[in-house]
Amino acid sequence: MLSSRPARALVGALLAVLLGALLPATAAQAASRTVQGGRLDWGIKSSFQSYVTGPVAKGSWSLTGGAATVGGSQFRFHSATGSYDPATGAFSSGFAGGVRFLGHKKPVGGYELDLTISRPTVRITGGVGTVHADMVSKDRGSGRVTSAAQVPLARLGLSGIDMKGGSTPIALDNIPATLTSQGAKAFAGYYTAGTPLDPISLSVDTSAPAGQPSASKSPEKPKDSKRTEKARKTAGRFEDAAVDWGVRRTFREYVTGSIGKGKWTLAEGAQDGGALFRFPRGKGTYDPAGRTLDAGFAGSVRFTGADGLDLQLSAVAVRVKAGKGTLSADVTSGGDRRRAVPVVTFTAKDFTPKNGLAVLTEAPATLTADGAEAFGSLYRAGTAMDPVSLAVAVDTGAELPALPDLGSTPDPSGPPAEKSATTAASASDADPGSGPRTGLCLGVGGAGVLVAAAGALYLARRRSTRRNSNAQQNDNALQNDNALQNGNALQNDN
């Protein structure tokens with residue numbers, strides 16, 4: 001009978017070789033990474049949105065800090081920052097932007113319902129996930145306003161999801177969320193702890209290990225730069241410029257919503273800031289003394305929909321004079337192109353350079369008669385459109401304001417050969433009919449051998465999906481809670 005020692009020795013040797021081949025890559029991958037750019041999509045609670053804007057509360061909500069909307073009921077928070085440790089799965093990422101809800105207007109003293117949720121942060125440690133946020137709320141009984149930073153607002157359902165071993169981008173899709181006791185208190189008592197909230201989706205980019213030096217600083221300006229800047233100012237020229245404009249929030253929601261079933265496409269250098277589009281590389285003339293601007297910008301945006309909508313805005317230009325501005329564009333619709341259509345006008349009272357930069361932030365804009373015609377009479381002349389923001393760099397050292405960072409778009413499936421490696425887990429795989437798809441998409445470099453070697457261990461340790469026992473959302477505090485209002489976004493969209 002052969003001894004088992006040689007067999008054990010052989011297995012040990014093979015294991016040592018395997019580990020030796022994997023350890024360098026694993027060690028490099030396990031280094032803590034920096035979260036740099038990305039977005040969080042969360043409706044908070046869609047039925048609460050409906051209640052606020054419905055016939056009982058007769059209120060509204062508004063966005064702050066560059067937050068945007070996605071589809072019909074989700075808010076998009078941007079510019080993710082934080083850290084991720086592939087070795088432990090620890091994840092922490094904060095996002096910019098906020099939303100304010102107002103309802104039950106009183107004859108005197110504002111609104112009875114006044115709630116602001118901003119700067120959401122997702123923290124995951126040891127398989128436990130929590131959403132924190134800055135909250136300002138008004139008590140329903142006393143009317144006392146309380147403000148608290150980073151309240152643990154919601155608990156995340158991470159059953160079946162392994163956060164370890166990811167690279168970039170890190171993406172979580174449709175993660176269930178429930179209200180915490182602290183969140184219920186900050187929510188002014190409108191809901192009790194344990195109430196299901198809307199699911200959360202996020203995608204963030206991760207960069208080199210934390211602490212590693214970033215890109216080198218820009219080179220110093222030549223000593224004769226002042227002379228050059230002066231000559232350019234005299235000639236009325238400028239270094240760079242950009243205009244930010246979202247067209248109209250409710251129009252974007254209509255296009256991507258259940259009625260329009262469409263999308264927008266950016267081209268020629270235009271950038272998507274979530275709540276706005278940036279048209280960059282401005283060229284033209286600017287007079288600091290007279291605060292006048294005549295500039296054209298790069299980029300185009302095209303809106304298409306299932307209802308036949310096909311509208312493109314390109315060759316965007318801006319003129320500012322005597323405290324008033326006009327944004328024009330070439331408008332293409334139905335195959336016809338109209339050039340230099342004055343689409344909106346806006347106020348531009350203070351447009352004086354400071355520190356080499358002339359900035360106009362969120363100037364109120366209204367639709368012109370020509371603009372209304374360009375939109376196929378969907379809106380009347382004088383309709384409030386999204387505000388216009390302008391930035392003109394008159395000095396070579398001045399930098400334009402940063403655009404909200406939405407991060408890169410994750411590919412949940414990846415190439416066919418890498419599908420098993422890029423889709424690490426899905427909390428609904430066990431029962432597709434048990435609820436919304438929930439998953440983690442992790443870019444796992446060199447994971448093929450690990451998946452093959454540890455497949456049995458992974459299957460043995462994988463947790464089964466918990467069924468959502470709270471499917472019936474009994475919001476006793478709010479009447480008609482599930483009456484989702486998905487009416488035409490082009491009508492009564494105030």
# chains A, B, ... in the order shown; residues from 1 in each chain; ligands from 1
call {"tool": "closest_atom_pairs", "arguments": {"of": "range 111-161 of chain A", "to": "range 95-100 of chain A", "cutoff": "6 Å", "atoms": "only C-alpha atoms", "output": "JSON lines"}}
result
{"residue": "A:Leu115", "atom": "CA", "partner": "A:Arg100", "partner_atom": "CA", "distance": 5.6}
{"residue": "A:Thr116", "atom": "CA", "partner": "A:Arg100", "partner_atom": "CA", "distance": 4.2}
{"residue": "A:Ile117", "atom": "CA", "partner": "A:Gly98", "partner_atom": "CA", "distance": 5.5}
{"residue": "A:Ser118", "atom": "CA", "partner": "A:Gly98", "partner_atom": "CA", "distance": 3.8}
{"residue": "A:Arg119", "atom": "CA", "partner": "A:Ala96", "partner_atom": "CA", "distance": 5.0}
{"residue": "A:Pro120", "atom": "CA", "partner": "A:Phe95", "partner_atom": "CA", "distance": 5.6}
call {"tool": "closest_residue", "arguments": {"among": "A:Ala329, A:Asp198, A:Asp336, A:Glu399", "to": "Asp173 in chain A", "atoms": "only C-alpha atoms"}}
result
A:Asp198
call {"tool": "closest_residue", "arguments": {"among": "A:Ala241, A:Leu403, A:Ala365, A:Ala133", "to": "Asp294 in chain A", "atoms": "only C-alpha atoms"}}
result
A:Ala241
call {"tool": "closest_atom_pairs", "arguments": {"of": "range 217-326 of chain A", "to": "range 75-86 of chain A", "cutoff": "12 Å", "atoms": "only C-alpha atoms", "output": "Markdown table"}}
result
| residue | atom | partner | partner_atom | distance |
| --- | --- | --- | --- | --- |
| A:Arg249 | CA | A:Phe75 | CA | 11.7 |
| A:Glu253 | CA | A:Phe75 | CA | 11.0 |
| A:Asp272 | CA | A:His78 | CA | 11.4 |
| A:Gly273 | CA | A:His78 | CA | 8.6 |
| A:Gly274 | CA | A:Arg76 | CA | 7.2 |
| A:Ala275 | CA | A:Arg76 | CA | 8.4 |
| A:Leu276 | CA | A:Arg76 | CA | 11.9 |
call {"tool": "closest_residue", "arguments": {"among": "A:Gly397, A:Gly103, A:Gly110, A:Pro169", "to": "Arg39 in chain A", "atoms": "only C-alpha atoms"}}
result
A:Pro169
call {"tool": "residues_around", "arguments": {"residues": "Gly290 in chain A", "least_positions_apart": "4", "cutoff": "10 Å", "atoms": "only C-alpha atoms", "output": "CSV table (one decimal) with C-alpha atoms, in the first residue's frame"}}
result
chain,number,residue,atom,x,y,z
A,286,TYR,CA,-15.1,89.0,-25.0
A,320,VAL,CA,-24.1,88.7,-24.1
A,321,LYS,CA,-24.7,92.4,-24.2
A,322,ALA,CA,-26.1,95.0,-21.8
A,323,GLY,CA,-26.9,92.4,-19.1
A,351,PHE,CA,-20.2,89.0,-16.0
A,352,THR,CA,-17.0,90.7,-14.8
call {"tool": "closest_residue", "arguments": {"among": "A:Val341, A:Ala154, A:Ile161, A:Ala391", "to": "Thr192 in chain A", "atoms": "only C-alpha atoms"}}
result
A:Ala154
call {"tool": "decode", "arguments": {"residues": "range 313-326 of chain A", "atoms": "N, CA, C and O atoms", "output": "compact mmCIF listing (two decimals), in the first residue's frame"}}
result
# COMPACT_ATOMS: atom_id res chain seq x y z
N LEU A 313 -29.60 69.75 -31.45
CA LEU A 313 -29.09 71.11 -31.26
C LEU A 313 -27.58 71.07 -31.46
O LEU A 313 -26.88 70.28 -30.81
N SER A 314 -27.07 71.90 -32.34
CA SER A 314 -25.63 71.93 -32.62
C SER A 314 -25.22 73.37 -32.89
O SER A 314 -26.05 74.28 -32.94
N ALA A 315 -23.90 73.57 -33.08
CA ALA A 315 -23.36 74.90 -33.36
C ALA A 315 -23.90 75.93 -32.36
O ALA A 315 -24.38 77.00 -32.73
N VAL A 316 -23.82 75.59 -31.09
CA VAL A 316 -24.33 76.48 -30.03
C VAL A 316 -23.49 77.75 -29.98
O VAL A 316 -22.25 77.71 -30.04
N ALA A 317 -24.16 78.87 -29.87
CA ALA A 317 -23.49 80.16 -29.78
C ALA A 317 -24.16 81.00 -28.69
O ALA A 317 -25.35 80.83 -28.41
N VAL A 318 -23.39 81.88 -28.07
CA VAL A 318 -23.91 82.74 -27.00
C VAL A 318 -23.48 84.18 -27.26
O VAL A 318 -22.30 84.44 -27.56
N ARG A 319 -24.40 85.08 -27.10
CA ARG A 319 -24.11 86.51 -27.16
C ARG A 319 -24.60 87.16 -25.87
O ARG A 319 -25.72 86.91 -25.43
N VAL A 320 -23.76 87.98 -25.28
CA VAL A 320 -24.10 88.70 -24.07
C VAL A 320 -23.84 90.18 -24.31
O VAL A 320 -22.75 90.57 -24.75
N LYS A 321 -24.83 91.00 -24.00
CA LYS A 321 -24.69 92.44 -24.17
C LYS A 321 -25.71 93.15 -23.29
O LYS A 321 -26.88 92.74 -23.23
N ALA A 322 -25.25 94.19 -22.62
CA ALA A 322 -26.12 95.03 -21.79
C ALA A 322 -26.91 94.21 -20.77
O ALA A 322 -28.11 94.44 -20.56
N GLY A 323 -26.25 93.22 -20.16
CA GLY A 323 -26.89 92.44 -19.10
C GLY A 323 -27.89 91.41 -19.57
O GLY A 323 -28.61 90.82 -18.76
N LYS A 324 -27.94 91.16 -20.87
CA LYS A 324 -28.87 90.17 -21.40
C LYS A 324 -28.13 89.23 -22.33
O LYS A 324 -27.26 89.65 -23.11
N GLY A 325 -28.45 87.95 -22.25
CA GLY A 325 -27.80 86.97 -23.08
C GLY A 325 -28.78 86.20 -23.95
O GLY A 325 -29.96 86.06 -23.60
N THR A 326 -28.28 85.70 -25.07
CA THR A 326 -29.08 84.87 -25.97
C THR A 326 -28.27 83.64 -26.35
O THR A 326 -27.10 83.76 -26.76
